[in-house]
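J.: Structure file input.txt, compact mmCIF, C-alpha atoms, is pasted below:
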```
# COMPACT_ATOMS: atom_id res chain seq x y z
CA MET A 1 271.89 38.46 87.78
CA SER A 2 274.33 39.50 85.18
CA LYS A 3 275.70 38.28 81.86
CA ILE A 4 278.91 38.70 79.92
CA VAL A 5 278.53 40.11 76.43
CA THR A 6 281.49 39.52 74.13
CA LEU A 7 281.98 42.45 71.75
CA GLN A 8 285.55 42.33 70.37
CA GLN A 9 284.88 45.73 68.90
CA SER A 10 287.63 48.17 68.00
CA VAL A 11 287.68 51.20 70.28
CA MET A 12 288.14 53.41 67.25
CA ALA A 13 285.37 51.72 65.24
CA GLU A 14 283.53 55.00 64.57
CA ASP A 15 286.60 56.81 63.35
CA GLU A 16 287.78 53.82 61.31
CA LYS A 17 284.62 54.19 59.22
CA PHE A 18 285.63 57.73 58.29
CA ALA A 19 289.18 56.60 57.46
CA ALA A 20 287.80 53.82 55.24
CA SER A 21 285.51 56.23 53.42
CA ILE A 22 288.41 58.66 52.78
CA ARG A 23 290.56 55.79 51.49
CA GLU A 24 287.79 54.57 49.22
CA ARG A 25 287.22 58.00 47.70
CA ASN A 26 290.95 58.64 47.19
CA SER A 27 291.31 55.32 45.38
CA ARG A 28 288.41 56.19 43.15
CA ILE A 29 289.89 59.55 42.10
CA GLY A 30 293.56 58.49 42.22
CA LEU A 31 294.55 60.92 44.94
CA LEU A 32 297.66 60.15 46.99
CA MET A 33 297.30 61.12 50.66
CA VAL A 34 300.36 61.47 52.88
CA ASN A 35 300.27 61.93 56.65
CA ILE A 36 303.31 63.93 57.86
CA ILE A 37 304.18 63.39 61.52
CA GLY A 38 306.99 64.90 63.61
CA SER A 39 307.77 67.09 66.62
CA PRO A 40 307.07 70.84 66.70
CA GLY A 41 309.87 72.58 64.86
CA CYS A 42 311.26 69.53 63.06
CA GLY A 43 310.64 71.14 59.65
CA LYS A 44 307.30 69.72 58.50
CA THR A 45 306.05 72.98 57.01
CA THR A 46 309.43 73.78 55.45
CA LEU A 47 309.40 70.32 53.87
CA LEU A 48 305.98 71.06 52.36
CA GLU A 49 307.12 74.47 51.12
CA LYS A 50 310.13 72.93 49.37
CA THR A 51 307.92 70.15 48.01
CA ALA A 52 305.49 72.70 46.56
CA MET A 53 308.35 74.60 44.94
CA ARG A 54 310.07 71.56 43.45
CA THR A 55 307.69 68.81 42.41
CA GLY A 56 305.32 70.32 39.89
CA LEU A 57 302.68 68.05 41.43
CA SER A 58 299.27 69.51 42.02
CA MET A 59 299.11 69.47 45.81
CA ALA A 60 297.01 70.67 48.73
CA VAL A 61 297.62 70.67 52.47
CA ILE A 62 295.49 70.18 55.55
CA GLU A 63 297.29 71.83 58.46
CA GLY A 64 296.72 70.61 62.00
CA ASP A 65 297.87 72.91 64.80
CA LEU A 66 296.72 73.71 68.30
CA ALA A 67 296.48 77.40 67.42
CA THR A 68 297.12 80.05 64.72
CA ASP A 69 296.92 79.80 60.94
CA ARG A 70 300.59 80.62 60.43
CA ASP A 71 301.36 77.35 58.64
CA ALA A 72 298.35 77.80 56.38
CA GLU A 73 299.57 81.31 55.50
CA ARG A 74 302.97 79.92 54.55
CA MET A 75 301.38 77.40 52.17
CA ALA A 76 298.86 79.91 50.77
CA ARG A 77 301.73 82.28 49.92
CA LEU A 78 302.95 79.59 47.50
CA GLY A 79 299.52 79.28 45.93
CA VAL A 80 298.87 75.88 47.54
CA PRO A 81 295.21 75.20 48.47
CA VAL A 82 295.18 74.79 52.23
CA VAL A 83 292.76 74.18 55.08
CA GLN A 84 293.80 74.99 58.62
CA ILE A 85 292.38 72.90 61.46
CA ASN A 86 292.90 74.30 64.97
CA THR A 87 292.60 71.50 67.49
CA ARG A 88 292.80 73.95 70.46
CA GLY A 89 294.19 71.45 72.95
CA GLY A 90 293.88 68.31 70.82
CA CYS A 91 297.14 66.44 70.35
CA HIS A 92 296.30 64.76 67.02
CA LEU A 93 293.93 64.82 64.04
CA GLU A 94 291.13 62.30 63.53
CA ALA A 95 289.59 61.06 60.30
CA ASN A 96 286.16 62.63 60.84
CA ILE A 97 287.75 66.11 61.07
CA VAL A 98 289.95 65.45 58.04
CA GLU A 99 287.00 64.32 55.96
CA LYS A 100 285.20 67.55 56.74
CA ALA A 101 288.28 69.61 55.85
CA MET A 102 288.62 67.75 52.53
CA GLU A 103 285.21 69.03 51.44
CA SER A 104 286.63 72.51 50.85
CA LEU A 105 289.53 71.32 48.66
CA PRO A 106 289.52 70.80 44.87
CA LEU A 107 290.20 67.06 45.29
CA ASP A 108 289.57 66.08 41.66
CA THR A 109 292.36 68.37 40.44
CA LEU A 110 295.00 67.15 42.91
CA ASP A 111 297.83 64.63 42.69
CA VAL A 112 298.79 64.70 46.38
CA LEU A 113 297.04 65.74 49.56
CA PHE A 114 299.34 66.25 52.54
CA ILE A 115 298.12 66.17 56.10
CA GLU A 116 300.53 68.07 58.31
CA ASN A 117 299.63 66.52 61.63
CA VAL A 118 299.88 68.23 65.02
CA GLY A 119 303.51 68.41 66.14
CA ASN A 120 303.84 65.31 68.33
CA LEU A 121 305.59 61.94 68.01
CA VAL A 122 303.02 59.97 69.99
CA CYS A 123 299.28 60.34 69.38
CA PRO A 124 299.20 61.24 65.66
CA ALA A 125 300.79 57.87 64.87
CA GLU A 126 297.80 56.07 66.40
CA PHE A 127 294.99 57.54 64.36
CA ASP A 128 294.34 56.29 60.84
CA LEU A 129 293.29 59.22 58.67
CA GLY A 130 292.77 57.17 55.52
CA GLU A 131 296.24 58.06 54.23
CA ASP A 132 298.30 55.96 51.81
CA PHE A 133 301.29 56.17 54.11
CA LYS A 134 302.79 58.01 57.04
CA VAL A 135 306.03 59.96 56.95
CA ALA A 136 308.00 60.29 60.18
CA VAL A 137 310.06 63.49 60.29
CA LEU A 138 312.91 63.79 62.77
CA SER A 139 315.34 66.72 62.88
CA THR A 140 318.94 66.14 63.91
CA PRO A 141 318.86 68.42 67.02
CA GLU A 142 316.15 66.20 68.53
CA GLY A 143 318.67 63.40 68.97
CA ALA A 144 319.36 60.00 67.47
CA ASP A 145 317.67 58.14 70.31
CA LYS A 146 314.14 59.16 69.30
CA PRO A 147 313.15 56.20 67.07
CA LEU A 148 313.51 53.75 69.96
CA LYS A 149 311.79 56.16 72.36
CA TYR A 150 308.80 56.56 70.04
CA PRO A 151 308.75 53.17 68.31
CA TYR A 152 305.15 53.12 67.08
CA LEU A 153 305.61 56.09 64.75
CA PHE A 154 308.87 54.76 63.32
CA THR A 155 307.50 51.22 62.97
CA SER A 156 304.36 52.33 61.18
CA SER A 157 305.82 54.91 58.75
CA LYS A 158 306.74 54.10 55.19
CA VAL A 159 309.23 56.96 54.99
CA VAL A 160 311.58 58.35 57.64
CA LEU A 161 312.97 61.80 56.88
CA LEU A 162 315.97 63.07 58.84
CA THR A 163 315.98 66.87 58.46
CA LYS A 164 318.45 69.65 59.27
CA THR A 165 321.42 67.49 58.33
CA ASP A 166 323.39 70.71 57.67
CA LEU A 167 323.60 71.04 61.49
CA LEU A 168 325.37 67.69 61.93
CA PRO A 169 328.88 69.22 62.30
CA HIS A 170 327.62 71.19 65.32
CA LEU A 171 325.83 68.31 67.04
CA THR A 172 326.71 65.03 68.72
CA PHE A 173 324.07 63.19 66.68
CA ASP A 174 324.91 59.48 66.63
CA MET A 175 324.18 58.60 62.99
CA LYS A 176 325.14 54.96 63.46
CA MET A 177 322.62 54.57 66.29
CA PHE A 178 319.89 56.33 64.32
CA THR A 179 320.45 54.23 61.20
CA GLU A 180 320.63 50.94 63.09
CA ASP A 181 317.60 51.66 65.29
CA VAL A 182 315.40 52.64 62.35
CA LYS A 183 316.58 49.58 60.44
CA ARG A 184 315.76 47.38 63.41
CA LEU A 185 312.27 48.84 63.92
CA ASN A 186 311.34 49.14 60.28
CA PRO A 187 313.77 47.59 57.81
CA LEU A 188 311.61 48.42 54.79
CA ALA A 189 311.32 52.17 55.57
CA HIS A 190 312.73 54.60 53.01
CA VAL A 191 315.18 56.70 55.01
CA LEU A 192 316.15 60.03 53.46
CA HIS A 193 318.47 62.76 54.74
CA LEU A 194 317.37 66.32 53.98
CA ASN A 195 318.41 69.85 54.63
CA ALA A 196 316.54 72.93 53.57
CA VAL A 197 319.63 75.15 53.50
CA ASP A 198 321.19 73.80 50.31
CA GLY A 199 318.23 71.57 49.40
CA GLY A 200 320.22 68.34 49.87
CA GLY A 201 318.08 65.21 49.58
CA ILE A 202 314.97 67.05 48.49
CA GLU A 203 315.13 65.61 44.98
CA GLU A 204 315.14 62.04 46.27
CA TRP A 205 312.05 62.90 48.29
CA THR A 206 310.20 64.54 45.40
CA ASP A 207 311.15 61.70 43.01
CA PHE A 208 309.70 59.24 45.52
CA LEU A 209 306.49 61.27 45.78
CA ILE A 210 306.06 61.69 42.03
CA LEU A 211 306.42 57.94 41.59
CA ARG A 212 303.83 57.18 44.29
CA ALA A 213 301.40 59.76 42.88
CA LYS A 214 301.74 58.17 39.41
CA GLU A 215 301.16 54.68 40.83
CA LYS A 216 298.05 55.91 42.59
CA LYS A 217 296.66 57.48 39.41
CA ALA A 218 297.50 54.34 37.44
CA HIS A 219 295.31 52.23 39.70
CA VAL A 220 292.16 54.17 38.91
CA ARG A 221 289.91 52.22 36.63
CA MET B 1 295.03 63.73 76.18
CA HIS B 2 295.28 60.68 74.01
CA GLU B 3 293.83 58.43 76.73
CA LEU B 4 290.97 60.89 77.19
CA SER B 5 289.98 60.56 73.49
CA LEU B 6 290.08 56.78 73.85
CA ALA B 7 287.98 56.83 77.02
CA ASP B 8 285.51 59.09 75.27
CA ALA B 9 285.26 56.73 72.27
CA ILE B 10 284.77 53.71 74.57
CA VAL B 11 282.08 55.41 76.63
CA SER B 12 280.17 56.73 73.58
CA ALA B 13 280.15 53.25 72.01
CA LEU B 14 279.01 51.60 75.25
CA LEU B 15 276.25 54.12 76.00
CA LYS B 16 274.90 53.61 72.50
CA MET B 17 274.94 49.81 72.86
CA GLN B 18 273.44 49.99 76.34
CA GLN B 19 270.46 51.84 74.93
CA GLU B 20 270.12 49.71 71.79
CA GLU B 21 270.53 46.36 73.55
CA GLY B 22 268.55 47.28 76.64
CA TRP B 23 271.38 46.42 79.05
CA GLY B 24 270.91 47.15 82.73
CA GLU B 25 273.79 48.29 84.88
CA VAL B 26 277.23 47.84 83.29
CA LYS B 27 279.36 46.20 85.98
CA GLU B 28 282.62 45.58 84.18
CA VAL B 29 284.23 46.54 80.90
CA ARG B 30 287.15 44.48 79.59
CA LEU B 31 289.59 46.03 77.16
CA ARG B 32 292.41 44.37 75.28
CA VAL B 33 295.28 46.74 74.57
CA GLY B 34 298.29 45.75 72.48
CA ALA B 35 301.83 46.68 73.46
CA LEU B 36 302.23 48.69 70.26
CA ARG B 37 299.30 50.97 71.06
CA GLN B 38 301.08 53.40 73.39
CA VAL B 39 298.30 53.33 75.95
CA PHE B 40 299.15 54.15 79.56
CA PRO B 41 296.71 51.96 81.56
CA GLU B 42 296.60 54.09 84.74
CA MET B 43 295.82 57.18 82.72
CA LEU B 44 293.14 55.40 80.71
CA SER B 45 291.49 54.13 83.91
CA PHE B 46 291.47 57.65 85.32
CA ALA B 47 290.04 59.07 82.07
CA PHE B 48 287.36 56.34 82.00
CA GLU B 49 286.33 57.16 85.54
CA THR B 50 286.14 60.85 84.69
CA VAL B 51 284.18 60.42 81.46
CA THR B 52 281.65 57.98 82.95
CA LYS B 53 280.78 60.28 85.88
CA GLU B 54 277.12 61.26 85.76
CA THR B 55 276.39 58.76 82.99
CA SER B 56 274.66 55.39 83.32
CA LEU B 57 278.14 53.79 83.22
CA ALA B 58 279.26 55.45 86.45
CA GLY B 59 280.85 52.92 88.77
CA ALA B 60 281.61 50.36 86.04
CA ALA B 61 284.96 48.65 86.61
CA LEU B 62 287.48 48.91 83.78
CA VAL B 63 289.77 45.91 83.35
CA ILE B 64 292.66 46.42 80.96
CA GLU B 65 294.34 43.31 79.59
CA GLU B 66 297.72 44.16 78.07
CA VAL B 67 298.55 42.03 75.03
CA PRO B 68 302.27 41.45 74.42
CA LEU B 69 303.84 41.96 71.01
CA VAL B 70 304.27 38.96 68.69
CA TRP B 71 305.67 39.22 65.17
CA ARG B 72 305.50 36.49 62.54
CA CYS B 73 307.86 36.18 59.61
CA LEU B 74 306.02 36.14 56.29
CA ASP B 75 308.79 34.07 54.71
CA CYS B 76 309.65 31.31 57.18
CA GLY B 77 306.77 31.57 59.68
CA SER B 78 308.98 32.04 62.76
CA GLU B 79 307.55 34.07 65.60
CA TRP B 80 309.39 36.47 67.89
CA LYS B 81 308.52 38.86 70.68
CA GLU B 82 310.94 41.80 70.77
CA ASP B 83 310.28 44.90 68.68
CA SER B 84 312.71 44.02 65.93
CA GLY B 85 311.93 44.27 62.24
CA VAL B 86 314.25 41.43 61.25
CA CYS B 87 313.32 37.75 61.51
CA PRO B 88 315.76 36.14 63.98
CA SER B 89 315.64 32.83 62.07
CA CYS B 90 315.96 33.74 58.39
CA GLY B 91 316.77 37.46 58.40
CA SER B 92 313.72 38.41 56.35
CA PHE B 93 312.32 41.96 56.62
CA ARG B 94 308.79 40.86 55.79
CA ARG B 95 306.72 40.47 58.94
CA GLU B 96 303.24 40.89 60.32
CA ALA B 97 302.08 41.69 63.84
CA LEU B 98 300.25 38.61 65.13
CA ALA B 99 299.49 40.34 68.41
CA GLY B 100 300.20 43.70 69.98
CA THR B 101 298.11 46.06 67.85
CA GLU B 102 294.78 45.34 69.58
CA LEU B 103 292.70 48.17 70.93
CA GLU B 104 289.32 46.64 71.51
CA ILE B 105 286.42 46.46 73.88
CA HIS B 106 286.60 42.74 74.49
CA SER B 107 283.50 42.20 76.61
CA VAL B 108 281.16 43.76 79.13
CA GLU B 109 279.40 42.34 82.15
CA VAL B 110 275.90 43.74 82.33
CA GLY B 111 273.00 43.34 84.72
CA VAL B 112 269.89 41.54 83.47
CA SER B 113 266.51 41.72 85.15
```
Render the structure in this file as structure tokens.
T.:
Amino acid sequence: MSKIVTLQQSVMAEDEKFAASIRERNSRIGLLMVNIIGSPGCGKTTLLEKTAMRTGLSMAVIEGDLATDRDAERMARLGVPVVQINTRGGCHLEANIVEKAMESLPLDTLDVLFIENVGNLVCPAEFDLGEDFKVAVLSTPEGADKPLKYPYLFTSSKVVLLTKTDLLPHLTFDMKMFTEDVKRLNPLAHVLHLNAVDGGGIEEWTDFLILRAKEKKAHVR
Amino acid sequence: MHELSLADAIVSALLKMQQEEGWGEVKEVRLRVGALRQVFPEMLSFAFETVTKETSLAGAALVIEEVPLVWRCLDCGSEWKEDSGVCPSCGSFRREALAGTELEIHSVEVGVS
């Protein structure tokens, strides 16, 4: 004898509870949380360094890496509160780990909390960390075909940052393909072109962030 | 690695329910996985088999139902299937995923005494 039990339960139900609790707390204190996702070496940490130097926002960073605290050291050098999570082999961060890491940060004094996810275009896009939005970072040497090859990340991100645009003269990056593919996957995404060499585009990015952080604070009652 | 985390989450949830609900042997587990979820079914099946070894779920069959993508336009209500952000009927950018984002344990077949 056997019976069928219908569950219709999300596989990630446990972790979704942590994400919901993070989101609820951030709304209460008006803290903007941004989940930064991109390949290893695409410039995620450099982006955060430039952001720390330019915005004047009170920010903190949770760094996810397989190993080392090198990224955390880079942020700490700028006086940014930072927590390093080493996932050992883990390919992404999950909300329960992020919630724990948040406990050691001065959340009430912050405008923005960045999560620098593990370098990877696949798994990090799947796991809700309780963030306000995801940012997909792609560097020009990776190639213009990546949005269609990794559609979930580019479909689910509010912002798409194309970095290392100073290298464009040396590459065969197909800008038309990149622009059209991103538009097709996610027509409402804010697409910004950045380069850390002369700081091109960084102001557009920081203006966007400042605006979002203000909106978030304004919604606190 | 991703599939292994999913298998682990599925197995933990099922073991907990098995104990709470007093289920006997779990014969079959049915999952519904949306096309947008980047799950590789063969790898998930392998991970499930590995994670259930030496647990009371060992030997349970895993059936993965893949759910195709369907978008619906929030302006004109048209539906379309390909992964395009633009409504083919009215050109609107406002859309919602009607199907394709599922990642759920749909049902289980359990032994009763």
J.: Neighbouring residues of Ile210 in chain A were defined as those with any atom within 12 Å, considering only C-alpha atoms; residues of the same chain fewer than 3 positions away were excluded. Please report them as a PyMOL selection string.
T.: chain A and resi 31-32+51-52+54-59+111-112+203-207+213-217
J.: Tell me as a VMD selection string which residues belonging to chain B come within 9 Å of chain A, counting all atoms listed in the file.
T.: chain B and resid 1 to 2 6 to 7 9 to 10 13 24 to 25 27 to 28 31 to 32 36 to 38 83 to 86 93 to 94 102 to 113
J.: Hey, can you pull every residue with an atom no more than 10 Å from (307.3, 40.3, 68.0), using all atoms listed in the file, and send it as a PyMOL selection string?
T.: chain B and resi 68-73+78-87+95-100
J.: Around all the atoms of range 145-157 of chain A listed in the file, with 5 Å of room on each side, what axis-aligned box do you get, giving centre and edge lengths in Å to one decimal, as lines of an AutoDock Vina configuration file?
T.:
```
center_x = 311.0
center_y = 55.2
center_z = 65.6
size_x = 23.3
size_y = 17.9
size_z = 23.6
```
J.: For a test of reading the model, state the distance in Å between CA of Leu162 in chain A and CA of Thr179 in chain A, rounded to one decimal.
T.: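 So the two atoms, CA of Leu162 in chain A and CA of Thr179 in chain A, lie 10.2 Å apart.
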J.: Return the single residue from B:Val33, B:Phe48, B:Ser92, B:Met43 that is closest to Glu65 in chain B, with distances computed using only C-alpha atoms.
T.: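 Smallest distance to Glu65 in chain B is found for B:Val33.
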J.: May I ask for the distance between CA of Ser27 in chain A and CA of Leu107 in chain A, given in Å to one decimal place?
T.: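 If I compute the distance from CA of Ser27 in chain A to CA of Leu107 in chain A, I get 11.8 Å.
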J.: Quick one: distance from CA of Ile22 in chain A to CA of Glu20 in chain B in Å, one decimal?
T.: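 Result for CA of Ile22 in chain A versus CA of Glu20 in chain B: 27.9 Å, one decimal.
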J.: If we count only C-alpha atoms and set the cut-off at 8 Å, which residues sit around range 62-72 of chain A, ignoring sequence neighbours fewer than 5 positions away in its own chain? Please answer as a VMD selection string.
T.: chain A and resid 45 82 to 93 98 101 to 102 113 to 119
J.: I need the residue nearest Arg28 in chain A from this list: A:His190, A:Ala136, A:Asp108, A:Leu168. Use all atoms listed in the file for the distance.
T.: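 Looking at the shortest contact to Arg28 in chain A, the residue is A:Asp108.
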J.: So that I can check the surroundings of Pro141 in chain A, please list as a list in words every protein, DNA and RNA residue that reaches within 8 Å of it, counting only C-alpha atoms and ignoring chain neighbours fewer than 4 positions away.
T.: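 Here the qualifying residues turn out to be Lys164, Leu167, Leu171 and Phe173 of chain A.
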J.: Which residue is closest to Ser56 in chain B? Choose from B:Ser89, B:Val26, B:Leu4, B:Ser12 and count only C-alpha atoms.
T.: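 Once distances to Ser56 in chain B are computed over only C-alpha atoms, the minimum belongs to B:Val26.
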J.: Since the input is missing atoms for range 68-88 of chain A, could you rebuild it with N, CA, C and O atoms and give the result as a short mmCIF file (atom, residue, chain, number, x, y, z; two decimals), in the coordinates of the input?
T.:
```cif
data_model
loop_
_atom_site.label_atom_id
_atom_site.label_comp_id
_atom_site.auth_asym_id
_atom_site.auth_seq_id
_atom_site.Cartn_x
_atom_site.Cartn_y
_atom_site.Cartn_z
N THR A 68 296.64 79.16 65.81
CA THR A 68 297.12 80.05 64.72
C THR A 68 296.92 79.43 63.34
O THR A 68 296.78 78.20 63.19
N ASP A 69 296.94 80.31 62.31
CA ASP A 69 296.92 79.80 60.94
C ASP A 69 298.22 80.17 60.23
O ASP A 69 298.27 80.38 59.04
N ARG A 70 299.29 80.23 61.00
CA ARG A 70 300.59 80.62 60.43
C ARG A 70 301.07 79.64 59.36
O ARG A 70 301.61 80.05 58.33
N ASP A 71 300.91 78.34 59.62
CA ASP A 71 301.36 77.35 58.64
C ASP A 71 300.54 77.45 57.37
O ASP A 71 301.07 77.36 56.27
N ALA A 72 299.23 77.67 57.55
CA ALA A 72 298.35 77.80 56.38
C ALA A 72 298.76 79.01 55.54
O ALA A 72 298.79 78.96 54.31
N GLU A 73 299.12 80.10 56.23
CA GLU A 73 299.57 81.31 55.50
C GLU A 73 300.81 81.02 54.68
O GLU A 73 300.95 81.47 53.54
N ARG A 74 301.73 80.24 55.27
CA ARG A 74 302.97 79.92 54.55
C ARG A 74 302.66 79.13 53.27
O ARG A 74 303.28 79.35 52.24
N MET A 75 301.71 78.20 53.35
CA MET A 75 301.38 77.40 52.17
C MET A 75 300.61 78.25 51.15
O MET A 75 300.85 78.16 49.94
N ALA A 76 299.69 79.09 51.66
CA ALA A 76 298.86 79.91 50.77
C ALA A 76 299.73 80.89 49.97
O ALA A 76 299.46 81.17 48.80
N ARG A 77 300.80 81.37 50.59
CA ARG A 77 301.73 82.28 49.92
C ARG A 77 302.32 81.64 48.66
O ARG A 77 302.72 82.31 47.73
N LEU A 78 302.40 80.31 48.66
CA LEU A 78 302.95 79.59 47.50
C LEU A 78 301.85 79.18 46.54
O LEU A 78 302.10 78.45 45.57
N GLY A 79 300.63 79.62 46.82
CA GLY A 79 299.52 79.28 45.93
C GLY A 79 299.00 77.87 46.13
O GLY A 79 298.31 77.33 45.26
N VAL A 80 299.33 77.25 47.26
CA VAL A 80 298.87 75.88 47.54
C VAL A 80 297.51 75.94 48.25
O VAL A 80 297.39 76.63 49.27
N PRO A 81 296.48 75.24 47.75
CA PRO A 81 295.21 75.20 48.47
C PRO A 81 295.41 74.59 49.85
O PRO A 81 296.07 73.55 49.97
N VAL A 82 294.89 75.24 50.88
CA VAL A 82 295.18 74.79 52.23
C VAL A 82 293.97 74.98 53.14
O VAL A 82 293.21 75.92 52.96
N VAL A 83 293.78 74.04 54.05
CA VAL A 83 292.76 74.18 55.08
C VAL A 83 293.46 74.08 56.43
O VAL A 83 294.24 73.14 56.65
N GLN A 84 293.21 75.03 57.29
CA GLN A 84 293.80 74.99 58.62
C GLN A 84 292.80 74.41 59.61
O GLN A 84 291.66 74.86 59.67
N ILE A 85 293.22 73.41 60.36
CA ILE A 85 292.38 72.90 61.46
C ILE A 85 293.06 73.30 62.76
O ILE A 85 294.24 72.99 62.96
N ASN A 86 292.36 74.01 63.64
CA ASN A 86 292.90 74.30 64.97
C ASN A 86 292.27 73.34 65.96
O ASN A 86 291.06 73.32 66.13
N THR A 87 293.11 72.53 66.59
CA THR A 87 292.60 71.50 67.49
C THR A 87 292.44 72.05 68.91
O THR A 87 292.10 71.32 69.81
N ARG A 88 292.76 73.32 69.12
CA ARG A 88 292.80 73.95 70.46
C ARG A 88 293.75 73.14 71.34
O ARG A 88 294.93 73.35 71.26
#
```
